[in-house]
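Colleague: This is the structure, below, for whatever I ask next.
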Amino acid sequence: MRLILASASPRRLDLLTQIGVTPDAVDPADIDETPLKAELPRPYAARMAAEKAAIIAARHPGCLVLSGDTVVAAGRRILPKTEAESEAYTCFELLSGRRHRVFSAVTLIDVEGRARHRVSDNVVVFKRLDRSEIDAYLASGEWRGKAGGYAIQGLAAGLIRTIQGSHSAIMGLPLYETRALLRAVGYPCG
């Protein structure tokens with residue numbers, strides 16, 4: 001069985017190696033990631049993962065296609081994948097001293113075209129951040145392209161008081177759920 005990873009994320013590729021999986025190819029999907037009007041974070045994450053997988057499965061018939069999407073949410077609000085420093089600053093002001101959720105969705109389309117979906121629901125609590133901590137994090141540039149403006153596997157780890165859930169899911173791919181999906185279709189993984 002050929003496995004195609006429908007993601008441009010180097011983190012997802014690295015995470016897969018932790019469960020002994022090396023995709024045969026990486027083919028990222030380029031889709032419109034604009035949330036629908038009044039769309040909630042959990043269904044949004046699931047929809048993004050499913051749409052990415054469907055597009056790539058059409059390009060690779062007869063292959064397994066794995067995709068993922070991670071969404072940082074403050075209440076019902078979906079935080080952006082930050083591209084501008086001002087966006088990242090706004091995210092950090094919002095997340096400072098608060099708990100928020102990280103939804104990490106994974107979709108696997110099997111060789112017969114059937115889709116299987118899972119969503120990991122996780123809670124992250126940042127310490128109350130002062131301006132100098134936010135400025136130092138922004139100066140690192142680590143926030144670029146990250147959902148909610150941070151990477152738990154980087155410098156932000158020192159700003160997080162607690163997490164409840166899956167560390168790998170917060171990084172970008174829920175490994176427990178991914179492994180279960182792959183094993184269910186007979187794909188070998190650790």
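Starting from 1 in every chain, residues are counted up; chains themselves are A, B, ... following the order of the structure tokens, and ligands are numbered from 1 as listed.
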Could you go through chain A and tell me which residues DSSP, when run on the backbone, assigns to helix (DSSP H, G or I), listing them as a PyMOL selection string?
Modeller: chain A and resi 10-18+41-59+85-95+131-140+155-159+167-171+175-184
Colleague: Please save C-alpha atoms of the selected residues as a PDB file, in the first residue's frame.
Modeller:
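As a result, part-v8.pdb now contains:
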```
ATOM      1  CA  PRO A  10       7.332  19.325   8.187  1.00  0.00           C
ATOM      2  CA  ARG A  11       6.042  18.739  11.739  1.00  0.00           C
ATOM      3  CA  ARG A  12       3.522  16.157  10.529  1.00  0.00           C
ATOM      4  CA  LEU A  13       6.201  14.336   8.589  1.00  0.00           C
ATOM      5  CA  ASP A  14       8.482  14.322  11.652  1.00  0.00           C
ATOM      6  CA  LEU A  15       5.660  13.165  13.917  1.00  0.00           C
ATOM      7  CA  LEU A  16       4.883  10.215  11.659  1.00  0.00           C
ATOM      8  CA  THR A  17       8.433   8.938  12.124  1.00  0.00           C
ATOM      9  CA  GLN A  18       7.671   8.579  15.852  1.00  0.00           C
ATOM     10  CA  PRO A  41     -13.629  25.202  15.565  1.00  0.00           C
ATOM     11  CA  ARG A  42     -14.034  21.405  15.909  1.00  0.00           C
ATOM     12  CA  PRO A  43     -16.149  20.893  12.761  1.00  0.00           C
ATOM     13  CA  TYR A  44     -13.901  23.332  10.909  1.00  0.00           C
ATOM     14  CA  ALA A  45     -10.790  21.254  11.725  1.00  0.00           C
ATOM     15  CA  ALA A  46     -12.571  18.060  10.641  1.00  0.00           C
ATOM     16  CA  ARG A  47     -13.762  19.662   7.399  1.00  0.00           C
ATOM     17  CA  MET A  48     -10.296  20.955   6.530  1.00  0.00           C
ATOM     18  CA  ALA A  49      -8.667  17.538   7.063  1.00  0.00           C
ATOM     19  CA  ALA A  50     -11.415  15.806   5.040  1.00  0.00           C
ATOM     20  CA  GLU A  51     -11.246  18.291   2.136  1.00  0.00           C
ATOM     21  CA  LYS A  52      -7.446  18.052   1.925  1.00  0.00           C
ATOM     22  CA  ALA A  53      -7.594  14.250   1.880  1.00  0.00           C
ATOM     23  CA  ALA A  54     -10.336  14.157  -0.760  1.00  0.00           C
ATOM     24  CA  ILE A  55      -8.422  16.419  -3.150  1.00  0.00           C
ATOM     25  CA  ILE A  56      -5.217  14.397  -2.846  1.00  0.00           C
ATOM     26  CA  ALA A  57      -7.040  11.020  -3.047  1.00  0.00           C
ATOM     27  CA  ALA A  58      -8.438  12.105  -6.424  1.00  0.00           C
ATOM     28  CA  ARG A  59      -4.843  12.630  -7.631  1.00  0.00           C
ATOM     29  CA  GLU A  85       3.488  39.884  13.684  1.00  0.00           C
ATOM     30  CA  SER A  86       0.429  41.933  14.618  1.00  0.00           C
ATOM     31  CA  GLU A  87      -1.766  38.808  14.257  1.00  0.00           C
ATOM     32  CA  ALA A  88       0.580  36.836  16.503  1.00  0.00           C
ATOM     33  CA  TYR A  89       0.579  39.629  19.082  1.00  0.00           C
ATOM     34  CA  THR A  90      -3.235  39.673  19.116  1.00  0.00           C
ATOM     35  CA  CYS A  91      -3.287  35.887  19.608  1.00  0.00           C
ATOM     36  CA  PHE A  92      -0.853  36.084  22.523  1.00  0.00           C
ATOM     37  CA  GLU A  93      -2.814  38.877  24.192  1.00  0.00           C
ATOM     38  CA  LEU A  94      -5.955  36.762  23.857  1.00  0.00           C
ATOM     39  CA  LEU A  95      -4.334  33.531  25.114  1.00  0.00           C
ATOM     40  CA  ARG A 131       4.759  42.458  27.323  1.00  0.00           C
ATOM     41  CA  SER A 132       8.461  41.523  27.426  1.00  0.00           C
ATOM     42  CA  GLU A 133       7.631  37.785  27.156  1.00  0.00           C
ATOM     43  CA  ILE A 134       5.359  38.384  24.183  1.00  0.00           C
ATOM     44  CA  ASP A 135       7.940  40.636  22.514  1.00  0.00           C
ATOM     45  CA  ALA A 136      10.704  38.054  23.022  1.00  0.00           C
ATOM     46  CA  TYR A 137       8.568  35.319  21.500  1.00  0.00           C
ATOM     47  CA  LEU A 138       7.616  37.506  18.547  1.00  0.00           C
ATOM     48  CA  ALA A 139      11.289  38.372  17.976  1.00  0.00           C
ATOM     49  CA  SER A 140      12.050  34.653  17.583  1.00  0.00           C
ATOM     50  CA  LEU A 155      10.060  28.415  22.744  1.00  0.00           C
ATOM     51  CA  ALA A 156       6.358  28.628  23.643  1.00  0.00           C
ATOM     52  CA  ALA A 157       6.752  25.457  25.726  1.00  0.00           C
ATOM     53  CA  GLY A 158       8.253  27.639  28.468  1.00  0.00           C
ATOM     54  CA  LEU A 159       5.112  29.805  28.533  1.00  0.00           C
ATOM     55  CA  HIS A 167       1.152  16.718  22.946  1.00  0.00           C
ATOM     56  CA  SER A 168       1.521  15.405  19.370  1.00  0.00           C
ATOM     57  CA  ALA A 169      -1.968  16.658  18.501  1.00  0.00           C
ATOM     58  CA  ILE A 170      -1.101  20.137  19.745  1.00  0.00           C
ATOM     59  CA  MET A 171       2.040  19.964  17.583  1.00  0.00           C
ATOM     60  CA  LEU A 175      -0.448  10.145  16.802  1.00  0.00           C
ATOM     61  CA  TYR A 176      -2.729   7.860  18.811  1.00  0.00           C
ATOM     62  CA  GLU A 177      -5.628   8.474  16.428  1.00  0.00           C
ATOM     63  CA  THR A 178      -3.394   8.361  13.343  1.00  0.00           C
ATOM     64  CA  ARG A 179      -1.869   5.039  14.363  1.00  0.00           C
ATOM     65  CA  ALA A 180      -5.312   3.562  15.045  1.00  0.00           C
ATOM     66  CA  LEU A 181      -6.586   4.641  11.625  1.00  0.00           C
ATOM     67  CA  LEU A 182      -3.543   3.241   9.820  1.00  0.00           C
ATOM     68  CA  ARG A 183      -3.636  -0.066  11.699  1.00  0.00           C
ATOM     69  CA  ALA A 184      -7.369  -0.416  10.974  1.00  0.00           C
TER      70      ALA A 184
END
```
Colleague: Please identify the strand (DSSP E or B) residues within range 98-147 of chain A (assignment by DSSP from backbone atoms) and present them as a PyMOL selection string.
Modeller: chain A and resi 99-109+115-126+147
Colleague: What is the distance between CA of Val106 in chain A and CA of Val185 in chain A, in Å to one decimal?
Modeller: 14.6 Å
Colleague: Just to confirm, what's the straight-line distance from CA of Gly154 in chain A to CA of Glu142 in chain A in Å (one decimal)?
Modeller: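 Separation between CA of Gly154 in chain A and CA of Glu142 in chain A: 7.6 Å.
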Colleague: Could you work out how far CA of Ala38 in chain A lies from CA of Val72 in chain A, giving the answer in Å with one decimal?
Modeller: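 Value for the CA of Val72 in chain A-CA of Ala38 in chain A distance: 15.8 Å.
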Colleague: Choose the residue, out of A:Ala84, A:Leu129, A:Val21, A:Met1, that has the smallest atom-to-atom separation from Arg144 in chain A; count only C-alpha atoms.
Modeller: A:Ala84
Colleague: Looking at only C-alpha atoms, which of A:Trp143, A:Tyr187, A:Pro35, A:Ser96 is the one that sits closest to Arg76 in chain A?
Modeller: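 Smallest separation from Arg76 in chain A among the options: A:Pro35.
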Colleague: Of the candidates A:Ile109, A:Lys127, A:Ala151, A:Ile31, which shows the shortest atom-to-atom distance to Thr82 in chain A, using only C-alpha atoms?
Modeller: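 Of A:Ile109, A:Lys127, A:Ala151, A:Ile31, the one nearest Thr82 in chain A is A:Ala151, counting only C-alpha atoms.
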Colleague: Within 9 Å of Glu112 in chain A, counting only C-alpha atoms, which residues show up once you throw out same-chain ones fewer than 4 positions away? Write them as a list of chain:residue names, please.
Modeller: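 That gives A:Pro61, A:Gly62, A:Cys63, A:Leu64.
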Colleague: With distances taken over only C-alpha atoms, which of A:Leu36, A:Lys81, A:Ser9, A:His117 is nearest to Gly149 in chain A?
Modeller: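 Once distances to Gly149 in chain A are computed over only C-alpha atoms, the minimum belongs to A:Lys81.
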Colleague: Name the closest residue to Phe103 in chain A among the candidates A:Pro80, A:Gly172, A:Pro23, A:Gly145; distances are taken between atoms, counting only C-alpha atoms.
Modeller: A:Gly172
Colleague: At a cut-off of 8 Å, using only C-alpha atoms, what residues contact Thr162 in chain A? Leave out same-chain residues fewer than 5 positions from it and give the result as a list in words.
Modeller: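 Selected residues are Val124, Val125 and Phe126 of chain A.
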Colleague: Can you tell me, as an MDAnalysis selection string, what residues are no more than 6 Å from Ser104 in chain A when counting only C-alpha atoms, ignoring any on the same chain fewer than 6 positions away?
Modeller: chainID A and resid 69:70 119:120 169
